[in-house]
file query-v3.txt (compact mmCIF, C-alpha atoms)
# COMPACT_ATOMS: atom_id res chain seq x y z
CA MET A 102 219.20 100.37 89.84
CA LYS A 103 218.52 101.37 86.29
CA SER A 104 214.82 100.69 86.70
CA ASN A 105 214.76 102.67 89.92
CA GLU A 106 216.32 105.72 88.23
CA ALA A 107 213.81 105.49 85.40
CA ASN A 108 210.97 105.32 87.87
CA ILE A 109 212.16 108.47 89.62
CA PHE A 110 212.36 110.38 86.35
CA VAL A 111 209.00 109.15 85.17
CA PHE A 112 207.54 110.14 88.51
CA ILE A 113 209.00 113.66 88.31
CA ALA A 114 207.86 114.02 84.71
CA SER A 115 204.33 112.95 85.52
CA VAL A 116 204.20 115.38 88.42
CA ILE A 117 205.18 118.15 86.00
CA ILE A 118 202.54 117.04 83.50
CA GLY A 119 199.94 116.95 86.24
CA ILE A 120 200.79 120.49 87.28
CA LEU A 121 200.66 121.67 83.68
CA ILE A 122 197.34 119.98 83.03
CA SER A 123 195.75 121.39 86.14
CA MET A 124 197.08 124.84 85.31
CA ASN A 125 195.63 124.58 81.85
CA ILE A 126 192.26 123.22 82.82
CA SER A 127 191.83 125.51 85.83
CA PHE A 128 189.13 123.75 87.81
CA THR A 129 188.61 126.67 90.10
CA LYS A 130 187.08 129.26 87.83
CA GLY A 131 185.48 127.47 84.97
CA SER A 132 182.98 130.22 84.28
CA THR A 133 185.45 132.97 83.46
CA ASN A 134 187.22 131.38 80.52
CA LYS A 135 184.32 129.62 78.91
CA ARG A 136 185.22 128.16 75.57
CA VAL A 137 183.05 129.33 72.71
CA ILE A 138 182.50 126.76 70.01
CA LEU A 139 182.39 128.31 66.55
CA SER A 140 181.60 126.73 63.24
CA ALA A 141 184.13 127.14 60.45
CA LYS A 142 182.07 129.93 58.93
CA GLN A 143 181.72 131.79 62.21
CA TYR A 144 185.41 131.34 62.86
CA GLN A 145 186.22 132.76 59.45
CA ASP A 146 183.95 135.72 60.08
CA ALA A 147 185.43 136.37 63.48
CA TYR A 148 188.92 136.05 62.05
CA ASN A 149 188.13 138.55 59.29
CA TYR A 150 186.58 140.87 61.84
CA LYS A 151 189.72 140.67 63.92
CA ASN A 152 191.89 141.44 60.90
CA ARG A 153 189.71 144.38 60.00
CA LEU A 154 189.95 145.79 63.49
CA GLN A 155 193.68 145.33 63.45
CA SER A 156 194.05 147.19 60.18
CA GLN A 157 191.85 149.95 61.58
CA ILE A 158 194.05 150.15 64.62
CA SER A 159 197.16 150.42 62.49
CA ASP A 160 195.52 153.12 60.36
CA LEU A 161 194.56 155.07 63.44
CA SER A 162 197.98 154.78 64.95
CA GLU A 163 199.47 156.00 61.69
CA GLN A 164 197.14 158.98 61.77
CA TYR A 165 198.03 159.57 65.37
CA SER A 166 201.74 159.60 64.66
CA GLU A 167 201.17 161.97 61.74
CA ASN A 168 199.23 164.41 63.90
CA TYR A 169 201.71 164.00 66.68
CA ASP A 170 204.55 164.88 64.31
CA LYS A 171 202.66 167.96 63.21
CA LEU A 172 202.09 169.06 66.76
CA LYS A 173 205.71 168.40 67.57
CA LYS A 174 206.78 170.51 64.63
CA TYR A 175 204.63 173.39 65.79
CA GLU A 176 206.02 173.15 69.27
CA ASP A 177 209.59 172.94 68.07
CA ASN A 178 209.23 175.87 65.73
CA GLU A 179 207.64 178.19 68.20
CA GLN A 180 210.29 180.80 67.56
CA ASN A 181 210.29 180.28 63.86
CA LYS A 182 206.95 181.96 63.27
CA THR A 183 207.18 182.34 59.52
CA GLN A 184 207.45 178.63 59.01
CA VAL A 185 204.45 178.00 61.19
CA VAL A 186 202.48 180.62 59.30
CA SER A 187 203.46 179.15 55.97
CA GLU A 188 202.40 175.71 57.11
CA ILE A 189 199.09 177.03 58.36
CA ASN A 190 198.63 178.72 55.01
CA GLN A 191 199.35 175.47 53.24
CA GLU A 192 196.70 173.74 55.27
CA LEU A 193 194.28 176.59 54.67
CA ASN A 194 194.93 176.32 50.98
CA LYS A 195 194.28 172.62 51.09
CA ASN A 196 190.99 173.25 52.86
CA ASN A 197 190.08 175.90 50.31
CA ILE A 198 190.74 173.49 47.49
CA GLU A 199 188.49 170.95 49.13
CA LEU A 200 185.80 173.56 49.76
CA GLY A 201 185.93 174.80 46.19
CA LYS A 202 187.17 178.31 46.86
CA VAL A 203 190.15 177.89 44.55
CA ALA A 204 190.22 177.15 40.85
CA VAL A 205 191.52 173.65 40.24
CA GLU A 206 192.95 171.78 37.31
CA GLY A 207 193.40 168.10 36.49
CA GLN A 208 192.38 165.19 34.30
CA GLY A 209 188.72 164.43 33.99
CA ILE A 210 185.77 164.24 31.67
CA LYS A 211 183.51 166.68 29.92
CA ILE A 212 179.81 165.94 29.49
CA PHE A 213 177.88 167.93 26.95
CA LEU A 214 174.08 167.89 27.26
CA ASN A 215 171.70 169.57 24.87
CA ASP A 216 167.97 169.42 24.23
CA ALA A 217 166.97 167.02 21.51
CA ALA A 218 166.02 168.35 18.10
CA MET A 219 162.34 169.13 17.94
CA GLU A 220 160.20 167.72 15.20
CA ASP A 221 156.71 168.52 14.15
CA GLY A 222 153.83 166.54 15.55
CA LEU A 223 155.22 165.87 19.02
CA ASP A 224 152.72 165.72 21.85
CA ALA A 225 153.32 167.54 25.12
CA PHE A 226 154.86 164.52 26.84
CA GLN A 227 157.30 163.83 24.04
CA TYR A 228 158.19 167.50 24.00
CA GLN A 229 158.98 167.43 27.70
CA MET A 230 161.02 164.29 27.31
CA ARG A 231 163.28 166.00 24.81
CA LEU A 232 164.29 168.78 27.18
CA VAL A 233 167.11 168.65 29.72
CA HIS A 234 165.52 169.26 33.11
CA ASN A 235 167.02 170.17 36.45
CA THR A 236 166.35 166.63 37.69
CA ASP A 237 168.39 165.25 34.81
CA VAL A 238 171.34 167.45 35.67
CA ILE A 239 171.04 166.53 39.36
CA GLN A 240 171.05 162.84 38.48
CA VAL A 241 174.11 163.25 36.28
CA ILE A 242 175.92 165.14 39.02
CA ASN A 243 174.99 162.47 41.55
CA ASP A 244 176.41 159.83 39.24
CA LEU A 245 179.60 161.84 38.84
CA LYS A 246 179.97 162.18 42.60
CA ASN A 247 179.33 158.47 42.99
CA ALA A 248 182.05 157.76 40.44
CA GLY A 249 184.53 159.75 42.53
CA ALA A 250 184.60 163.14 40.84
CA GLU A 251 186.56 165.57 42.97
CA ALA A 252 185.36 168.82 41.46
CA ILE A 253 182.37 169.50 39.23
CA SER A 254 181.26 172.55 37.31
CA ILE A 255 178.25 173.32 35.12
CA ASN A 256 178.70 175.97 32.46
CA GLY A 257 181.52 177.45 34.50
CA HIS A 258 179.75 177.32 37.87
CA ARG A 259 181.51 175.32 40.49
CA MET A 260 179.37 172.80 42.36
CA VAL A 261 179.99 172.99 46.10
CA ASP A 262 178.02 171.70 49.03
CA VAL A 263 175.66 174.69 49.04
CA SER A 264 175.16 174.75 45.27
CA GLU A 265 171.67 174.24 43.96
CA VAL A 266 170.36 173.08 40.61
CA TYR A 267 166.93 174.57 40.41
CA CYS A 268 164.33 174.73 37.70
CA SER A 269 163.80 178.28 36.68
CA GLY A 270 161.38 178.23 33.79
CA PRO A 271 163.31 177.64 30.60
CA PHE A 272 166.58 178.00 32.53
CA LEU A 273 168.40 176.28 35.33
CA ARG A 274 169.53 178.22 38.35
CA VAL A 275 172.96 177.21 39.57
CA ASN A 276 174.68 179.10 42.39
CA GLY A 277 172.06 181.81 42.00
CA VAL A 278 172.79 182.33 38.30
CA LYS A 279 170.42 181.36 35.54
CA ILE A 280 171.99 179.22 32.83
CA ALA A 281 170.48 177.95 29.63
CA SER A 282 171.08 174.81 27.65
CA PRO A 283 173.37 173.51 26.25
CA PHE A 284 175.07 172.42 29.42
CA SER A 285 178.73 171.56 29.69
CA ILE A 286 179.49 169.62 32.82
CA TYR A 287 183.16 169.28 33.73
CA ALA A 288 184.38 166.86 36.34
CA ILE A 289 187.89 166.29 37.65
CA GLY A 290 188.78 162.76 38.63
CA ASN A 291 190.28 159.62 37.17
CA LYS A 292 189.15 160.13 33.58
CA ASP A 293 188.89 156.44 32.67
CA VAL A 294 186.93 155.58 35.78
CA LEU A 295 184.59 158.51 35.32
CA TYR A 296 184.08 157.79 31.64
CA ASN A 297 183.42 154.10 32.09
CA TYR A 298 181.11 154.70 35.00
CA MET A 299 179.11 157.39 33.27
CA MET A 300 178.77 155.35 30.08
CA SER A 301 177.78 152.11 31.79
CA ASN A 302 174.30 150.85 31.09
CA GLU A 303 172.94 151.34 34.59
CA ASN A 304 173.63 155.03 34.70
CA TYR A 305 171.53 158.02 33.93
CA LEU A 306 173.22 159.16 30.75
CA LYS A 307 171.85 156.09 28.97
CA ILE A 308 168.33 157.12 29.91
CA LEU A 309 169.00 160.58 28.54
CA MET A 310 170.29 159.03 25.32
CA THR A 311 167.13 156.97 24.90
CA ARG A 312 165.22 160.25 25.23
CA LYS A 313 167.21 161.43 22.17
CA ILE A 314 168.92 164.15 24.18
CA VAL A 315 172.33 165.06 22.81
CA VAL A 316 174.92 163.53 25.14
CA LYS A 317 178.62 163.79 24.42
CA VAL A 318 181.17 162.52 26.89
CA THR A 319 184.85 163.12 26.25
CA LYS A 320 187.92 162.30 28.26
CA GLU A 321 190.16 165.31 28.80
CA LYS A 322 193.80 165.33 29.83
CA SER A 323 193.49 168.65 31.54
CA ILE A 324 190.41 170.58 32.50
CA THR A 325 190.13 173.67 34.63
CA ILE A 326 187.30 174.22 37.05
CA PRO A 327 186.80 177.74 38.39
CA ALA A 328 186.44 178.66 42.03
CA TYR A 329 183.11 179.02 43.78
CA ASN A 330 182.56 182.74 43.91
CA GLY A 331 179.46 182.82 46.08
CA ASP A 332 179.34 183.34 49.80
CA TYR A 333 178.94 180.87 52.58
CA LYS A 334 176.26 182.30 54.82
CA VAL A 335 176.86 181.22 58.38
CA GLU A 336 174.17 182.57 60.60
CA PHE A 337 172.92 179.88 62.89
CA MET A 338 175.59 177.23 63.07
CA LYS A 339 178.37 177.53 65.58
CA ASP A 340 181.51 175.68 66.40
CA LYS A 341 180.53 173.00 68.87
CA GLU A 342 183.42 173.12 71.27
CA MET B 280 201.78 102.76 88.31
CA ILE B 281 204.29 105.29 89.52
CA ALA B 282 203.30 107.53 86.62
CA PHE B 283 199.68 107.61 87.74
CA ILE B 284 200.63 108.47 91.28
CA GLY B 285 202.82 111.28 89.96
CA LEU B 286 200.07 112.53 87.69
CA ILE B 287 197.53 112.70 90.50
CA LEU B 288 200.05 114.31 92.82
CA GLY B 289 200.86 116.89 90.14
CA ILE B 290 197.21 117.71 89.57
CA ILE B 291 196.69 118.13 93.30
CA ILE B 292 199.72 120.44 93.52
CA GLY B 293 198.51 122.41 90.52
CA VAL B 294 195.02 122.84 91.93
CA ALA B 295 196.39 123.77 95.31
CA CYS B 296 198.72 126.39 93.85
CA ASN B 297 195.87 127.72 91.73
CA VAL B 298 198.07 129.25 89.07
CA ASN B 299 196.37 129.90 85.78
CA ILE B 300 198.11 130.13 82.47
CA PRO B 301 196.81 133.11 80.49
CA ASP B 302 194.23 132.14 77.92
CA LYS B 303 196.57 133.31 75.20
CA PHE B 304 199.09 130.55 75.88
CA SER B 305 196.54 127.87 76.61
CA PRO B 306 196.58 126.27 73.13
CA TYR B 307 200.37 126.12 73.02
CA MET B 308 200.42 124.63 76.48
CA SER B 309 198.05 121.87 75.41
CA VAL B 310 200.38 120.82 72.62
CA ALA B 311 203.34 120.95 74.99
CA ILE B 312 201.48 118.71 77.44
CA LEU B 313 200.85 116.22 74.66
CA ALA B 314 204.56 116.19 73.84
CA CYS B 315 205.41 115.62 77.53
CA LEU B 316 202.92 112.79 77.73
CA ASP B 317 204.52 111.20 74.71
CA SER B 318 207.92 111.39 76.39
CA VAL B 319 206.58 109.78 79.56
CA PHE B 320 205.01 106.94 77.62
CA GLY B 321 208.27 106.50 75.77
CA ALA B 322 210.11 106.37 79.08
CA ILE B 323 207.75 103.74 80.50
CA LYS B 324 208.19 101.65 77.39
CA ALA B 325 211.96 101.98 77.51
CA ASN B 326 211.93 101.13 81.18
CA LEU B 327 209.97 97.96 80.53
CA SER B 328 212.21 96.94 77.66
CA LYS B 329 215.26 97.79 79.78
CA ASN B 330 216.93 100.36 77.58
CA PHE B 331 216.03 103.55 79.43
CA GLN B 332 218.54 106.37 79.03
CA THR B 333 218.23 109.39 81.29
CA ASP B 334 219.77 111.93 78.95
CA ILE B 335 217.56 110.91 76.06
CA PHE B 336 214.49 111.07 78.26
CA ILE B 337 215.21 114.53 79.70
CA SER B 338 216.23 116.08 76.38
CA GLY B 339 213.16 114.58 74.72
CA PHE B 340 210.85 115.66 77.50
CA PHE B 341 211.79 119.34 77.36
CA GLY B 342 212.87 119.51 73.73
CA ASN B 343 209.65 118.01 72.38
CA ALA B 344 207.52 120.22 74.59
CA LEU B 345 209.33 123.39 73.52
CA LEU B 346 209.36 122.39 69.86
CA ALA B 347 205.65 121.57 69.89
CA ALA B 348 204.71 124.81 71.61
CA GLY B 349 207.01 126.76 69.30
CA LEU B 350 205.52 125.12 66.21
CA ALA B 351 202.02 125.84 67.41
CA TYR B 352 202.97 129.47 67.96
CA LEU B 353 204.64 129.73 64.56
CA GLY B 354 201.63 128.12 62.90
CA ASP B 355 199.35 130.60 64.60
CA LYS B 356 201.44 133.48 63.28
CA LEU B 357 201.61 132.05 59.77
CA GLY B 358 197.95 131.09 59.69
CA VAL B 359 198.76 127.41 59.08
CA PRO B 360 197.60 124.95 61.72
CA ILE B 361 201.03 123.34 62.23
CA TYR B 362 199.99 122.22 65.70
CA LEU B 363 197.98 119.53 63.94
CA ALA B 364 201.30 117.96 62.93
CA ALA B 365 202.36 117.81 66.58
CA VAL B 366 198.98 116.45 67.65
CA ILE B 367 199.01 113.72 65.04
CA VAL B 368 202.64 112.68 65.55
CA PHE B 369 202.54 112.70 69.33
CA GLY B 370 199.06 111.22 69.49
CA GLY B 371 200.08 108.41 67.16
CA ARG B 372 203.24 107.75 69.12
CA ILE B 373 201.38 107.67 72.41
CA PHE B 374 199.13 104.95 71.06
CA ASP B 375 202.08 103.04 69.59
CA ASN B 376 203.97 103.22 72.85
CA PHE B 377 200.89 102.20 74.79
CA ALA B 378 200.45 99.19 72.52
CA ILE B 379 204.03 98.11 73.14
CA ILE B 380 203.69 98.71 76.90
CA ARG B 381 200.57 96.58 76.90
CA ARG B 382 202.31 93.72 75.16
CA LEU B 383 205.34 93.91 77.41
CA LEU B 384 203.21 94.01 80.56
CA LEU B 385 201.02 91.15 79.41
CA LYS B 386 204.07 89.08 78.56
CA LYS B 387 205.58 89.88 81.93
CA TYR B 388 202.58 88.84 83.98
CA LYS B 389 201.46 85.94 81.86
CA PRO B 390 201.60 82.72 83.85
CA LYS B 391 204.43 80.71 82.44
CA PRO B 392 203.41 77.29 81.21
CA HIS B 393 205.00 74.59 83.22
call {"tool": "encode", "arguments": {"input": "query-v3.txt", "output": "structure tokens"}}
result
Amino acid sequence: MKSNEANIFVFIASVIIGILISMNISFTKGSTNKRVILSAKQYQDAYNYKNRLQSQISDLSEQYSENYDKLKKYEDNEQNKTQVVSEINQELNKNNIELGKVAVEGQGIKIFLNDAAMEDGLDAFQYQMRLVHNTDVIQVINDLKNAGAEAISINGHRMVDVSEVYCSGPFLRVNGVKIASPFSIYAIGNKDVLYNYMMSNENYLKILMTRKIVVKVTKEKSITIPAYNGDYKVEFMKDKE
Amino acid sequence: MIAFIGLILGIIIGVACNVNIPDKFSPYMSVAILACLDSVFGAIKANLSKNFQTDIFISGFFGNALLAAGLAYLGDKLGVPIYLAAVIVFGGRIFDNFAIIRRLLLKKYKPKPH
């Protein structure tokens, strides 16, 4: 009797296992869920890729909820016009700061560049090497941007996306204004990061130093960078919408 | 013997029903199947050595399967392959049980010396 009962249970259990196995293996459509064999390295890569995508998704959903909240606020405050206007102004101000139309202030570094002292008996090449050229200033500004500078000015002229640094005989032309050496370049950003980056051996200031050009970099707790006072000429480009 | 018949019958039913488990649960299911198999082997062994207990068998059958699947799921979430523990333990026990079953069966059918 006991053995019989056991047999029945074992039979039922094996039927269940059989069903489970066949459900798992799925003989019918083997092509759809083909197993991909990955090496440990490939698996790791795929796993990292998955994690990256997931973090991107979470970032995007965060952004979405932020924008959704903003939209909601606008819709809710439809009567309360002043608040909407003030918020729009805030955003406009933020955009102006990013565009460089507002004077800004913050920690950063100051770079002082001056032509090297001239001595007698220099040939033409050596003479040229001792001058600060427009290319030098462009390189320095590129390095600053690469180091994460948020706002840059040269001798009081704010660098924006339409600013030029152009050779103009003995002068440089910046934002349409001719400036002469010495040049004071101010940059707002994390002052330690900027300083260390600019003074590292791979960067352009070292080359300038080897050319005997006067280079002085100082960290500043607070520097002020004026607004861009030129115009943005928009003639050909249009809003694509 | 009865186990084999049941297994084949189950596979036939499963194929006939043509129900597929989503790919997502497939790995957990595999571990659960291993746990079930272990229970069945245990039951056969107990049956042969005449100490089969229904309640122990049923609780082990479902409990082990759920625990194994749950561990595999937890391991997946934690990034630690805990399912390996289930595979090793149940795999080892299946072989142990099979060894005992073999001995019991051989002893049973061995011609007795006269």
call {"tool": "closest_residue", "arguments": {"input": "query-v3.txt", "among": "A:Thr311, A:Asn168, A:Ser115, A:Gln157", "to": "Ile292 in chain B", "atoms": "all atoms listed in the file"}}
result
A:Ser115
call {"tool": "atom_distance", "arguments": {"input": "query-v3.txt", "atom1": "CA of Phe336 in chain B", "atom2": "CA of Phe304 in chain B"}}
result
24.9 Å
call {"tool": "closest_atom_pairs", "arguments": {"input": "query-v3.txt", "of": "chain B", "to": "chain A", "cutoff": "9 Å", "atoms": "all atoms listed in the file", "output": "Markdown table"}}
result
| residue | atom | partner | partner_atom | distance |
| --- | --- | --- | --- | --- |
| B:Ile281 | CA | A:Phe112 | CA | 5.9 |
| B:Ala282 | CA | A:Phe112 | CA | 5.3 |
| B:Phe283 | CA | A:Ser115 | CA | 7.4 |
| B:Ile284 | CA | A:Phe112 | CA | 7.6 |
| B:Gly285 | CA | A:Val116 | CA | 4.6 |
| B:Leu286 | CA | A:Gly119 | CA | 4.7 |
| B:Ile287 | CA | A:Gly119 | CA | 6.5 |
| B:Leu288 | CA | A:Val116 | CA | 6.1 |
| B:Gly289 | CA | A:Gly119 | CA | 4.0 |
| B:Ile290 | CA | A:Gly119 | CA | 4.4 |
| B:Ile291 | CA | A:Ile120 | CA | 7.7 |
| B:Ile292 | CA | A:Ile120 | CA | 6.3 |
| B:Gly293 | CA | A:Ile120 | CA | 4.4 |
| B:Val294 | CA | A:Ser123 | CA | 6.0 |
| B:Cys296 | CA | A:Met124 | CA | 8.8 |
| B:Asn297 | CA | A:Met124 | CA | 7.1 |
| B:Val298 | CA | A:Met124 | CA | 5.9 |
| B:Asn299 | CA | A:Met124 | CA | 5.1 |
| B:Ile300 | CA | A:Met124 | CA | 6.1 |
| B:Pro301 | CA | A:Asn125 | CA | 8.7 |
| B:Asp302 | CA | A:Asn134 | CA | 7.5 |
| B:Ser305 | CA | A:Asn125 | CA | 6.3 |
| B:Pro306 | CA | A:Asn125 | CA | 8.9 |
| B:Met308 | CA | A:Asn125 | CA | 7.2 |
| B:Ser309 | CA | A:Asn125 | CA | 7.4 |
| B:Ile312 | CA | A:Ile118 | CA | 6.4 |
| B:Cys315 | CA | A:Ile118 | CA | 6.8 |
| B:Leu316 | CA | A:Ile118 | CA | 7.2 |
| B:Ser318 | CA | A:Ala114 | CA | 8.7 |
| B:Val319 | CA | A:Val111 | CA | 6.1 |
| B:Phe320 | CA | A:Val111 | CA | 8.8 |
| B:Ala322 | CA | A:Val111 | CA | 6.8 |
| B:Ile323 | CA | A:Val111 | CA | 7.3 |
| B:Ala325 | CA | A:Ala107 | CA | 8.8 |
| B:Asn326 | CA | A:Ser104 | CA | 6.2 |
| B:Leu327 | CA | A:Ser104 | CA | 8.3 |
| B:Lys329 | CA | A:Ser104 | CA | 7.5 |
| B:Asn330 | CA | A:Lys103 | CA | 8.9 |
| B:Phe331 | CA | A:Ala107 | CA | 6.7 |
| B:Gln332 | CA | A:Ala107 | CA | 8.0 |
| B:Thr333 | CA | A:Ala107 | CA | 7.2 |
| B:Phe336 | CA | A:Phe110 | CA | 8.4 |
| B:Ile337 | CA | A:Phe110 | CA | 8.3 |
| B:Phe340 | CA | A:Ala114 | CA | 8.0 |
call {"tool": "write_last_selection", "arguments": {"input": "query-v3.txt", "atoms": "C-alpha atoms", "output": "PDB file, keeping the file's coordinate frame"}}
result
ATOM      1  CA  ILE B 281     204.290 105.290  89.520  1.00  0.00           C
ATOM      2  CA  ALA B 282     203.300 107.530  86.620  1.00  0.00           C
ATOM      3  CA  PHE B 283     199.680 107.610  87.740  1.00  0.00           C
ATOM      4  CA  ILE B 284     200.630 108.470  91.280  1.00  0.00           C
ATOM      5  CA  GLY B 285     202.820 111.280  89.960  1.00  0.00           C
ATOM      6  CA  LEU B 286     200.070 112.530  87.690  1.00  0.00           C
ATOM      7  CA  ILE B 287     197.530 112.700  90.500  1.00  0.00           C
ATOM      8  CA  LEU B 288     200.050 114.310  92.820  1.00  0.00           C
ATOM      9  CA  GLY B 289     200.860 116.890  90.140  1.00  0.00           C
ATOM     10  CA  ILE B 290     197.210 117.710  89.570  1.00  0.00           C
ATOM     11  CA  ILE B 291     196.690 118.130  93.300  1.00  0.00           C
ATOM     12  CA  ILE B 292     199.720 120.440  93.520  1.00  0.00           C
ATOM     13  CA  GLY B 293     198.510 122.410  90.520  1.00  0.00           C
ATOM     14  CA  VAL B 294     195.020 122.840  91.930  1.00  0.00           C
ATOM     15  CA  CYS B 296     198.720 126.390  93.850  1.00  0.00           C
ATOM     16  CA  ASN B 297     195.870 127.720  91.730  1.00  0.00           C
ATOM     17  CA  VAL B 298     198.070 129.250  89.070  1.00  0.00           C
ATOM     18  CA  ASN B 299     196.370 129.900  85.780  1.00  0.00           C
ATOM     19  CA  ILE B 300     198.110 130.130  82.470  1.00  0.00           C
ATOM     20  CA  PRO B 301     196.810 133.110  80.490  1.00  0.00           C
ATOM     21  CA  ASP B 302     194.230 132.140  77.920  1.00  0.00           C
ATOM     22  CA  SER B 305     196.540 127.870  76.610  1.00  0.00           C
ATOM     23  CA  PRO B 306     196.580 126.270  73.130  1.00  0.00           C
ATOM     24  CA  MET B 308     200.420 124.630  76.480  1.00  0.00           C
ATOM     25  CA  SER B 309     198.050 121.870  75.410  1.00  0.00           C
ATOM     26  CA  ILE B 312     201.480 118.710  77.440  1.00  0.00           C
ATOM     27  CA  CYS B 315     205.410 115.620  77.530  1.00  0.00           C
ATOM     28  CA  LEU B 316     202.920 112.790  77.730  1.00  0.00           C
ATOM     29  CA  SER B 318     207.920 111.390  76.390  1.00  0.00           C
ATOM     30  CA  VAL B 319     206.580 109.780  79.560  1.00  0.00           C
ATOM     31  CA  PHE B 320     205.010 106.940  77.620  1.00  0.00           C
ATOM     32  CA  ALA B 322     210.110 106.370  79.080  1.00  0.00           C
ATOM     33  CA  ILE B 323     207.750 103.740  80.500  1.00  0.00           C
ATOM     34  CA  ALA B 325     211.960 101.980  77.510  1.00  0.00           C
ATOM     35  CA  ASN B 326     211.930 101.130  81.180  1.00  0.00           C
ATOM     36  CA  LEU B 327     209.970  97.960  80.530  1.00  0.00           C
ATOM     37  CA  LYS B 329     215.260  97.790  79.780  1.00  0.00           C
ATOM     38  CA  ASN B 330     216.930 100.360  77.580  1.00  0.00           C
ATOM     39  CA  PHE B 331     216.030 103.550  79.430  1.00  0.00           C
ATOM     40  CA  GLN B 332     218.540 106.370  79.030  1.00  0.00           C
ATOM     41  CA  THR B 333     218.230 109.390  81.290  1.00  0.00           C
ATOM     42  CA  PHE B 336     214.490 111.070  78.260  1.00  0.00           C
ATOM     43  CA  ILE B 337     215.210 114.530  79.700  1.00  0.00           C
ATOM     44  CA  PHE B 340     210.850 115.660  77.500  1.00  0.00           C
TER      45      PHE B 340
END
call {"tool": "axis_aligned_box", "arguments": {"input": "query-v3.txt", "around": "range 328-334 of chain B", "padding_each_side": "3 Å", "output": "lines of an AutoDock Vina configuration file"}}
result
center_x = 216.0
center_y = 104.4
center_z = 79.4
size_x = 13.6
size_y = 21.0
size_z = 9.7
call {"tool": "residues_around", "arguments": {"input": "query-v3.txt", "residues": "Val278 in chain A", "least_positions_apart": "2", "cutoff": "12 Å", "atoms": "all atoms listed in the file", "output": "number ranges by chain"}}
result
A: 255-259, 264-269, 272-276, 280-281, 330-331
call {"tool": "residues_around", "arguments": {"input": "query-v3.txt", "residues": "range 368-373 of chain B", "least_positions_apart": "3", "cutoff": "7 Å", "atoms": "all atoms listed in the file", "output": "short mmCIF file (atom, residue, chain, number, x, y, z; two decimals) with C-alpha atoms, keeping the file's coordinate frame"}}
result
data_model
loop_
_atom_site.label_atom_id
_atom_site.label_comp_id
_atom_site.auth_asym_id
_atom_site.auth_seq_id
_atom_site.Cartn_x
_atom_site.Cartn_y
_atom_site.Cartn_z
CA LEU B 313 200.85 116.22 74.66
CA ALA B 314 204.56 116.19 73.84
CA ASP B 317 204.52 111.20 74.71
CA PHE B 320 205.01 106.94 77.62
CA ALA B 364 201.30 117.96 62.93
CA ALA B 365 202.36 117.81 66.58
CA ASN B 376 203.97 103.22 72.85
CA PHE B 377 200.89 102.20 74.79
#
